[in-house]
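Trainee: Below you will find the structure I want to go over with you.
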Amino acid sequence: MLADVIEHLACPVCRGDLVLSGGTARCANGHGFDVARQGYVSLRTGSAPAGTADTPAMVEARARFLGAGHFAPVAERLREVAGTAGVVLDAGAGTGHYLAAALGPDAVGIALDISKHALKRAARAHPRIGAVVADVWRPLPVKDGRAGVLLNVFAPRNGPEFARVLAPGGTLAVVTPTSRHLEPLVGELGLLSVGEDKERRLGETLAGRFAEAGHMIEEYEIMLGHEDVEAAVGMGPSAWHTDPVARKIEIARLPGVLAVNVSCRISMFRKIT
Ligand SMILES: C[S@@+](CC[C@H](N)C(=O)[O-])C[C@H]1O[C@@H](n2cnc3c(N)ncnc32)[C@H](O)[C@@H]1O
Ligand SMILES: [Zn+2]
């Protein structure tokens, strides 16, 4: 619930402390932010460019795919990384699937995402998650040095802000797909593939503030039926660019069950002090 994490959040207008009263998060300077019926609060300032936030259909597909356990080994790794951290922040948390899995028995979780559709689910993903609409490209509505662990799973990164909110000695864990992720689906269906230079870009966005402290490659095969394939396509970046009917026809041509590769890099970073 938001009440579990409100002490770590900051007013997006004046950076002051926030308190919850009567379904509103307020600062001492009179800025107020209504808590939605579904339990999340929007602390976003300004507007986001269209085509950034995951849509209801994408969120639904992602929830279905993750719910089937296809990425469970990745979630398990993140639980190990989070260890005994008291505050875990997930930037680009989506449905809160990984954040919920990562929380230890006494930990609280802050789910940040620009999609309120995703956060409706994140707010319910775990009793100690507070879900907050925020744009990762702007100053995060989180106080300095609060996150013992910061998760960033298939989502955008903001190096300076990540460094500011991470506690001294804390760990930033970034999950990125390798070039083998979701093959042969990417090739078979002409999905958007991972940019060749993604790893280089990851290094660049964090350079100067973070040093890599280690990494793991999580790679295994999953067997997907047509519904799973539809969910995998519908939750990814290609969903923005493909017509659902054409996609369905293409999927119908695939074998009934397809062996698909899951291949992610989990990179751990520490702040350079
Ligand atoms: C590929 S999804 C990953 C979600 C989640 N981490 C997972 O793996 O299930 C990317 C997420 O980043 C969010 N996102 C995209 N741009 C964002 C931004 N500028 N600020 C915050 N979240 C953003 C999307 O709404 C979406 O939930
Ligand atoms: Zn304020």
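Identifiers in the structure tokens: chain A, B, ... in order shown; residue index from 1 per chain; ligand index from 1 in order shown.
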For ligand 2, return the neighbouring residues as a count of residues only (distance at most 9 Å; only C-alpha atoms and all ligand atoms).
Mentor: 16
Trainee: Show which residues sit within 10 Å of A:Ala207, as a VMD selection string. Count only C-alpha atoms, and ignore same-chain residues fewer than 5 positions away.
Mentor: chain A and resid 159 to 160 201 to 202 212 272
Trainee: Take the residues from that selection and write them out as a PDB file, in the first residue's frame, keeping C-alpha atoms.
Mentor:
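The result, written out as again-v4.pdb:
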```pdb
ATOM      1  CA  GLY A 159      21.480   7.268 -14.778  1.00  0.00           C
ATOM      2  CA  PRO A 160      21.625  10.516 -12.772  1.00  0.00           C
ATOM      3  CA  ARG A 201      23.983   1.956 -24.651  1.00  0.00           C
ATOM      4  CA  LEU A 202      23.313   0.448 -21.234  1.00  0.00           C
ATOM      5  CA  GLU A 212      29.292  -2.971 -13.064  1.00  0.00           C
ATOM      6  CA  ILE A 272      30.828   5.143  -7.903  1.00  0.00           C
TER       7      ILE A 272
END
```
Trainee: Find the spatial neighbours of A:Ala259, counting only C-alpha atoms, within a cut-off of 12 Å - ignore same-chain residues fewer than 2 positions away - and output them as JSON, numbers by chain.
Mentor: {"A": [182, 183, 184, 185, 220, 221, 222, 223, 224, 225, 226, 228, 229, 254, 255, 256, 257, 261, 262]}
Trainee: Counting only C-alpha atoms, what is within 8 Å of A:Lys116, bar same-chain residues fewer than 4 positions away, as a list in words?
Mentor: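 That gives Tyr40, Lys120 and Val133 of chain A.
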Trainee: Write out, as a compact mmCIF listing (two decimals), in the first residue's frame, the residues just selected, with N, CA and C atoms.
Mentor:
```txt
# COMPACT_ATOMS: atom_id res chain seq x y z
N TYR A 40 -3.24 3.43 -6.72
CA TYR A 40 -2.00 4.08 -7.13
C TYR A 40 -2.17 5.59 -7.07
N LYS A 120 -2.31 -0.20 -11.94
CA LYS A 120 -3.51 -0.76 -11.29
C LYS A 120 -3.20 -2.17 -10.83
N VAL A 133 2.62 6.67 -10.42
CA VAL A 133 2.82 7.06 -11.82
C VAL A 133 3.92 8.11 -11.86
```
Trainee: Please identify all protein, DNA and RNA residues within 8 Å of ligand 1, counting only C-alpha atoms and all ligand atoms, and report them as a PDB file with C-alpha atoms, in the first residue's frame.
Mentor:
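The file below, pocket22.pdb, is the result:
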```
ATOM      1  CA  ALA A  48       4.509  12.091 -21.623  1.00  0.00           C
ATOM      2  CA  THR A  52       5.375   5.603 -24.164  1.00  0.00           C
ATOM      3  CA  ALA A  53       3.075   4.058 -21.604  1.00  0.00           C
ATOM      4  CA  ASP A  54       1.986   0.453 -22.007  1.00  0.00           C
ATOM      5  CA  THR A  55      -1.643   0.273 -23.152  1.00  0.00           C
ATOM      6  CA  VAL A  59      -0.532  -4.802 -19.893  1.00  0.00           C
ATOM      7  CA  ARG A  62       2.165  -9.066 -20.162  1.00  0.00           C
ATOM      8  CA  ALA A  63       0.194 -10.112 -17.078  1.00  0.00           C
ATOM      9  CA  LEU A  66       4.253 -13.481 -16.737  1.00  0.00           C
ATOM     10  CA  ASP A  90      11.364  -0.732  -9.505  1.00  0.00           C
ATOM     11  CA  ALA A  91      11.674   1.853 -12.284  1.00  0.00           C
ATOM     12  CA  GLY A  92       9.387   0.831 -15.151  1.00  0.00           C
ATOM     13  CA  ALA A  93       7.754  -1.756 -12.887  1.00  0.00           C
ATOM     14  CA  GLY A  94       4.889  -2.651 -15.220  1.00  0.00           C
ATOM     15  CA  THR A  95       2.478  -4.981 -13.430  1.00  0.00           C
ATOM     16  CA  GLY A  96       4.792  -5.244 -10.410  1.00  0.00           C
ATOM     17  CA  HIS A  97       5.509  -8.901 -11.157  1.00  0.00           C
ATOM     18  CA  TYR A  98       9.268  -8.717 -10.517  1.00  0.00           C
ATOM     19  CA  LEU A 112       7.199   3.480 -10.659  1.00  0.00           C
ATOM     20  CA  ASP A 113       5.736   3.399 -14.146  1.00  0.00           C
ATOM     21  CA  ILE A 114       4.255   5.829 -16.623  1.00  0.00           C
ATOM     22  CA  SER A 115       1.329   3.501 -17.389  1.00  0.00           C
ATOM     23  CA  LYS A 116      -1.562   3.744 -14.951  1.00  0.00           C
ATOM     24  CA  ALA A 118       0.132  -1.291 -15.423  1.00  0.00           C
ATOM     25  CA  VAL A 133       2.821   7.062 -11.816  1.00  0.00           C
ATOM     26  CA  ALA A 134       6.079   8.761 -12.763  1.00  0.00           C
ATOM     27  CA  ASP A 135       8.171   9.393 -15.854  1.00  0.00           C
ATOM     28  CA  VAL A 136      11.608   7.796 -15.638  1.00  0.00           C
ATOM     29  CA  TRP A 137      13.001  10.586 -17.845  1.00  0.00           C
ATOM     30  CA  ARG A 138      12.124  13.260 -15.314  1.00  0.00           C
ATOM     31  CA  ASN A 152      15.052  -1.941 -13.923  1.00  0.00           C
ATOM     32  CA  VAL A 153      13.595  -4.731 -16.030  1.00  0.00           C
ATOM     33  CA  PHE A 154      13.172  -4.216 -19.786  1.00  0.00           C
ATOM     34  CA  ALA A 155      12.477  -0.541 -19.100  1.00  0.00           C
ATOM     35  CA  PRO A 156      14.065   2.888 -19.676  1.00  0.00           C
ATOM     36  CA  MET A 235       3.258  -7.336 -24.562  1.00  0.00           C
ATOM     37  CA  GLY A 236       6.361  -6.246 -26.468  1.00  0.00           C
ATOM     38  CA  PRO A 237       7.353  -3.179 -28.476  1.00  0.00           C
TER      39      PRO A 237
END
```
Trainee: Quick check, in Å to one decimal: how far apart do atom CA of A:Val81 and atom CA of A:Glu60 lie?
Mentor: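 We find that atom CA of A:Val81 and atom CA of A:Glu60 lie 27.1 Å from each other.
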Trainee: Could you tell me which of A:Pro177, A:Pro244, A:Pro139, A:Gly234 comes closest to A:Cys264 if we count only C-alpha atoms?
Mentor: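 Under the stated criterion, the closest residue is A:Pro177.
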Trainee: Report as a PyMOL selection string: the residues of stretch 6-241 of chain A with a DSSP assignment of helix (DSSP H, G or I), based on the backbone of this structure.
Mentor: chain A and resi 6-8+56-67+72-82+97-102+116-125+159-165+185-189+198-206+226-234+237-240
Trainee: Smallest atom-to-atom distance to A:Thr242: which of A:Leu191, A:Leu206, A:Ala213, A:Arg128, using only C-alpha atoms?
Mentor: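 Under the stated criterion, the closest residue is A:Leu191.
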Trainee: Which parts of stretch 91-259 of chain A does DSSP call strand (DSSP E) when run on the backbone here, written out as a PDB file with N, CA and C atoms, in the first residue's frame?
Mentor:
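What follows is the written file part_26.pdb:
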```
ATOM      1  N   ALA A  91      11.913   0.771 -11.320  1.00  0.00           N
ATOM      2  CA  ALA A  91      11.674   1.853 -12.284  1.00  0.00           C
ATOM      3  C   ALA A  91      11.233   1.239 -13.608  1.00  0.00           C
ATOM      4  N   VAL A 108       9.644  -3.197   1.753  1.00  0.00           N
ATOM      5  CA  VAL A 108       8.560  -2.518   1.053  1.00  0.00           C
ATOM      6  C   VAL A 108       9.028  -2.218  -0.369  1.00  0.00           C
ATOM      7  N   GLY A 109       8.065  -2.088  -1.286  1.00  0.00           N
ATOM      8  CA  GLY A 109       8.419  -1.882  -2.691  1.00  0.00           C
ATOM      9  C   GLY A 109       7.746  -0.655  -3.265  1.00  0.00           C
ATOM     10  N   ILE A 110       8.489   0.114  -4.057  1.00  0.00           N
ATOM     11  CA  ILE A 110       7.914   1.261  -4.763  1.00  0.00           C
ATOM     12  C   ILE A 110       7.923   0.924  -6.250  1.00  0.00           C
ATOM     13  N   ALA A 111       6.727   0.874  -6.832  1.00  0.00           N
ATOM     14  CA  ALA A 111       6.606   0.573  -8.262  1.00  0.00           C
ATOM     15  C   ALA A 111       6.391   1.888  -9.005  1.00  0.00           C
ATOM     16  N   LEU A 112       7.343   2.282  -9.829  1.00  0.00           N
ATOM     17  CA  LEU A 112       7.199   3.480 -10.659  1.00  0.00           C
ATOM     18  C   LEU A 112       6.949   3.054 -12.092  1.00  0.00           C
ATOM     19  N   ASP A 113       5.979   3.667 -12.728  1.00  0.00           N
ATOM     20  CA  ASP A 113       5.736   3.399 -14.146  1.00  0.00           C
ATOM     21  C   ASP A 113       4.934   4.565 -14.699  1.00  0.00           C
ATOM     22  N   ILE A 129       3.506  -3.091  -1.615  1.00  0.00           N
ATOM     23  CA  ILE A 129       3.934  -2.271  -2.759  1.00  0.00           C
ATOM     24  C   ILE A 129       3.095  -1.001  -2.809  1.00  0.00           C
ATOM     25  N   GLY A 130       3.774   0.141  -2.983  1.00  0.00           N
ATOM     26  CA  GLY A 130       3.099   1.402  -3.291  1.00  0.00           C
ATOM     27  C   GLY A 130       3.336   1.704  -4.760  1.00  0.00           C
ATOM     28  N   ALA A 131       2.264   2.020  -5.505  1.00  0.00           N
ATOM     29  CA  ALA A 131       2.376   2.180  -6.960  1.00  0.00           C
ATOM     30  C   ALA A 131       2.239   3.659  -7.321  1.00  0.00           C
ATOM     31  N   VAL A 132       3.191   4.175  -8.073  1.00  0.00           N
ATOM     32  CA  VAL A 132       3.289   5.613  -8.333  1.00  0.00           C
ATOM     33  C   VAL A 132       3.515   5.877  -9.824  1.00  0.00           C
ATOM     34  N   VAL A 133       2.620   6.665 -10.417  1.00  0.00           N
ATOM     35  CA  VAL A 133       2.821   7.062 -11.816  1.00  0.00           C
ATOM     36  C   VAL A 133       3.923   8.111 -11.861  1.00  0.00           C
ATOM     37  N   ALA A 147      16.602   3.832  -1.878  1.00  0.00           N
ATOM     38  CA  ALA A 147      16.439   2.465  -2.396  1.00  0.00           C
ATOM     39  C   ALA A 147      17.678   1.618  -2.088  1.00  0.00           C
ATOM     40  N   GLY A 148      17.471   0.580  -1.309  1.00  0.00           N
ATOM     41  CA  GLY A 148      18.564  -0.369  -1.076  1.00  0.00           C
ATOM     42  C   GLY A 148      18.865  -1.140  -2.343  1.00  0.00           C
ATOM     43  N   VAL A 149      17.811  -1.443  -3.095  1.00  0.00           N
ATOM     44  CA  VAL A 149      17.949  -2.101  -4.391  1.00  0.00           C
ATOM     45  C   VAL A 149      17.024  -1.404  -5.373  1.00  0.00           C
ATOM     46  N   LEU A 150      17.552  -1.152  -6.549  1.00  0.00           N
ATOM     47  CA  LEU A 150      16.765  -0.530  -7.616  1.00  0.00           C
ATOM     48  C   LEU A 150      16.704  -1.512  -8.779  1.00  0.00           C
ATOM     49  N   LEU A 151      15.493  -1.916  -9.129  1.00  0.00           N
ATOM     50  CA  LEU A 151      15.305  -2.843 -10.252  1.00  0.00           C
ATOM     51  C   LEU A 151      14.942  -2.064 -11.504  1.00  0.00           C
ATOM     52  N   ASN A 152      15.390  -2.554 -12.637  1.00  0.00           N
ATOM     53  CA  ASN A 152      15.052  -1.941 -13.923  1.00  0.00           C
ATOM     54  C   ASN A 152      15.006  -3.077 -14.945  1.00  0.00           C
ATOM     55  N   VAL A 153      13.782  -3.516 -15.233  1.00  0.00           N
ATOM     56  CA  VAL A 153      13.595  -4.731 -16.030  1.00  0.00           C
ATOM     57  C   VAL A 153      12.953  -4.376 -17.363  1.00  0.00           C
ATOM     58  N   LEU A 166      19.407   5.832  -5.168  1.00  0.00           N
ATOM     59  CA  LEU A 166      19.986   4.598  -4.624  1.00  0.00           C
ATOM     60  C   LEU A 166      20.731   4.911  -3.316  1.00  0.00           C
ATOM     61  N   ALA A 167      20.547   4.063  -2.314  1.00  0.00           N
ATOM     62  CA  ALA A 167      21.222   4.241  -1.029  1.00  0.00           C
ATOM     63  C   ALA A 167      22.719   3.957  -1.193  1.00  0.00           C
ATOM     64  N   PRO A 168      23.550   4.549  -0.330  1.00  0.00           N
ATOM     65  CA  PRO A 168      24.973   4.228  -0.374  1.00  0.00           C
ATOM     66  C   PRO A 168      25.155   2.716  -0.222  1.00  0.00           C
ATOM     67  N   GLY A 169      25.964   2.119  -1.054  1.00  0.00           N
ATOM     68  CA  GLY A 169      26.190   0.670  -0.989  1.00  0.00           C
ATOM     69  C   GLY A 169      25.079  -0.142  -1.626  1.00  0.00           C
ATOM     70  N   GLY A 170      24.074   0.527  -2.170  1.00  0.00           N
ATOM     71  CA  GLY A 170      22.936  -0.174  -2.776  1.00  0.00           C
ATOM     72  C   GLY A 170      23.278  -0.738  -4.149  1.00  0.00           C
ATOM     73  N   THR A 171      22.382  -1.581  -4.643  1.00  0.00           N
ATOM     74  CA  THR A 171      22.616  -2.256  -5.932  1.00  0.00           C
ATOM     75  C   THR A 171      21.540  -1.861  -6.936  1.00  0.00           C
ATOM     76  N   LEU A 172      21.994  -1.526  -8.123  1.00  0.00           N
ATOM     77  CA  LEU A 172      21.084  -1.340  -9.255  1.00  0.00           C
ATOM     78  C   LEU A 172      21.151  -2.625 -10.084  1.00  0.00           C
ATOM     79  N   ALA A 173      20.013  -3.280 -10.275  1.00  0.00           N
ATOM     80  CA  ALA A 173      19.972  -4.515 -11.085  1.00  0.00           C
ATOM     81  C   ALA A 173      19.186  -4.225 -12.358  1.00  0.00           C
ATOM     82  N   VAL A 174      19.843  -4.357 -13.488  1.00  0.00           N
ATOM     83  CA  VAL A 174      19.230  -4.040 -14.779  1.00  0.00           C
ATOM     84  C   VAL A 174      19.081  -5.331 -15.586  1.00  0.00           C
ATOM     85  N   VAL A 175      17.867  -5.611 -16.016  1.00  0.00           N
ATOM     86  CA  VAL A 175      17.634  -6.792 -16.865  1.00  0.00           C
ATOM     87  C   VAL A 175      17.405  -6.325 -18.293  1.00  0.00           C
ATOM     88  N   THR A 176      18.232  -6.835 -19.203  1.00  0.00           N
ATOM     89  CA  THR A 176      18.075  -6.510 -20.629  1.00  0.00           C
ATOM     90  C   THR A 176      18.022  -7.813 -21.419  1.00  0.00           C
ATOM     91  N   PRO A 177      17.310  -7.818 -22.530  1.00  0.00           N
ATOM     92  CA  PRO A 177      17.295  -9.018 -23.363  1.00  0.00           C
ATOM     93  C   PRO A 177      18.606  -9.132 -24.136  1.00  0.00           C
ATOM     94  N   PHE A 210      27.954   4.765 -12.304  1.00  0.00           N
ATOM     95  CA  PHE A 210      27.843   3.378 -11.846  1.00  0.00           C
ATOM     96  C   PHE A 210      28.985   2.539 -12.420  1.00  0.00           C
ATOM     97  N   ALA A 211      29.383   1.528 -11.667  1.00  0.00           N
ATOM     98  CA  ALA A 211      30.359   0.558 -12.170  1.00  0.00           C
ATOM     99  C   ALA A 211      29.710  -0.815 -12.079  1.00  0.00           C
ATOM    100  N   GLU A 212      29.900  -1.638 -13.108  1.00  0.00           N
ATOM    101  CA  GLU A 212      29.292  -2.971 -13.064  1.00  0.00           C
ATOM    102  C   GLU A 212      29.984  -3.807 -11.998  1.00  0.00           C
ATOM    103  N   ALA A 213      29.163  -4.445 -11.161  1.00  0.00           N
ATOM    104  CA  ALA A 213      29.712  -5.254 -10.072  1.00  0.00           C
ATOM    105  C   ALA A 213      29.557  -6.742 -10.361  1.00  0.00           C
ATOM    106  N   GLY A 214      29.050  -7.070 -11.528  1.00  0.00           N
ATOM    107  CA  GLY A 214      28.877  -8.482 -11.908  1.00  0.00           C
ATOM    108  C   GLY A 214      27.651  -8.627 -12.785  1.00  0.00           C
ATOM    109  N   HIS A 215      27.561  -9.767 -13.450  1.00  0.00           N
ATOM    110  CA  HIS A 215      26.347 -10.001 -14.232  1.00  0.00           C
ATOM    111  C   HIS A 215      26.069 -11.504 -14.332  1.00  0.00           C
ATOM    112  N   MET A 216      24.820 -11.837 -14.652  1.00  0.00           N
ATOM    113  CA  MET A 216      24.428 -13.234 -14.877  1.00  0.00           C
ATOM    114  C   MET A 216      23.676 -13.271 -16.202  1.00  0.00           C
ATOM    115  N   ILE A 217      23.855 -14.374 -16.920  1.00  0.00           N
ATOM    116  CA  ILE A 217      23.034 -14.578 -18.110  1.00  0.00           C
ATOM    117  C   ILE A 217      22.031 -15.675 -17.742  1.00  0.00           C
ATOM    118  N   GLU A 218      20.774 -15.375 -17.869  1.00  0.00           N
ATOM    119  CA  GLU A 218      19.723 -16.359 -17.591  1.00  0.00           C
ATOM    120  C   GLU A 218      19.189 -16.795 -18.952  1.00  0.00           C
ATOM    121  N   GLU A 219      19.400 -18.072 -19.286  1.00  0.00           N
ATOM    122  CA  GLU A 219      19.029 -18.510 -20.637  1.00  0.00           C
ATOM    123  C   GLU A 219      18.420 -19.900 -20.562  1.00  0.00           C
ATOM    124  N   TYR A 220      17.234 -20.070 -21.114  1.00  0.00           N
ATOM    125  CA  TYR A 220      16.561 -21.368 -21.101  1.00  0.00           C
ATOM    126  C   TYR A 220      15.489 -21.380 -22.180  1.00  0.00           C
ATOM    127  N   GLU A 221      14.949 -22.579 -22.398  1.00  0.00           N
ATOM    128  CA  GLU A 221      13.956 -22.724 -23.464  1.00  0.00           C
ATOM    129  C   GLU A 221      12.571 -22.890 -22.850  1.00  0.00           C
ATOM    130  N   ILE A 222      11.567 -22.273 -23.472  1.00  0.00           N
ATOM    131  CA  ILE A 222      10.187 -22.480 -23.025  1.00  0.00           C
ATOM    132  C   ILE A 222       9.374 -22.985 -24.220  1.00  0.00           C
ATOM    133  N   MET A 223       8.313 -23.747 -23.924  1.00  0.00           N
ATOM    134  CA  MET A 223       7.460 -24.270 -24.992  1.00  0.00           C
ATOM    135  C   MET A 223       6.189 -23.409 -25.018  1.00  0.00           C
ATOM    136  N   LEU A 224       5.921 -22.787 -26.146  1.00  0.00           N
ATOM    137  CA  LEU A 224       4.788 -21.869 -26.229  1.00  0.00           C
ATOM    138  C   LEU A 224       3.741 -22.338 -27.231  1.00  0.00           C
ATOM    139  N   LEU A 258       5.832 -24.239 -29.958  1.00  0.00           N
ATOM    140  CA  LEU A 258       7.103 -23.752 -30.476  1.00  0.00           C
ATOM    141  C   LEU A 258       8.105 -23.629 -29.321  1.00  0.00           C
ATOM    142  N   ALA A 259       9.318 -24.124 -29.548  1.00  0.00           N
ATOM    143  CA  ALA A 259      10.374 -23.949 -28.537  1.00  0.00           C
ATOM    144  C   ALA A 259      10.982 -22.557 -28.724  1.00  0.00           C
TER     145      ALA A 259
END
```
Trainee: For a quick check of understanding, using only C-alpha atoms, which of A:Leu140, A:His8, A:Thr84, A:Gln38 has the smallest distance to A:Arg121?
Mentor: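 Result for the nearest residue to A:Arg121: A:Gln38.
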Trainee: Work out how far atom CA of A:Val88 is from atom CA of A:Arg209, in Å to one decimal.
Mentor: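 Separation of atom CA of A:Arg209 and atom CA of A:Val88: 19.5 Å.
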Trainee: What separation in Å, quoted to one decimal, exists between atom CA of A:His70 and atom CA of A:Thr178?
Mentor: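 Going from atom CA of A:His70 over to atom CA of A:Thr178 covers 16.3 Å.
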Trainee: Select, from A:Gly104, A:Gly83, A:Pro73, A:Pro141, the residue with the minimum atom-to-atom distance to A:Thr45, counting only C-alpha atoms.
Mentor: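 Nearest to A:Thr45: A:Pro141.
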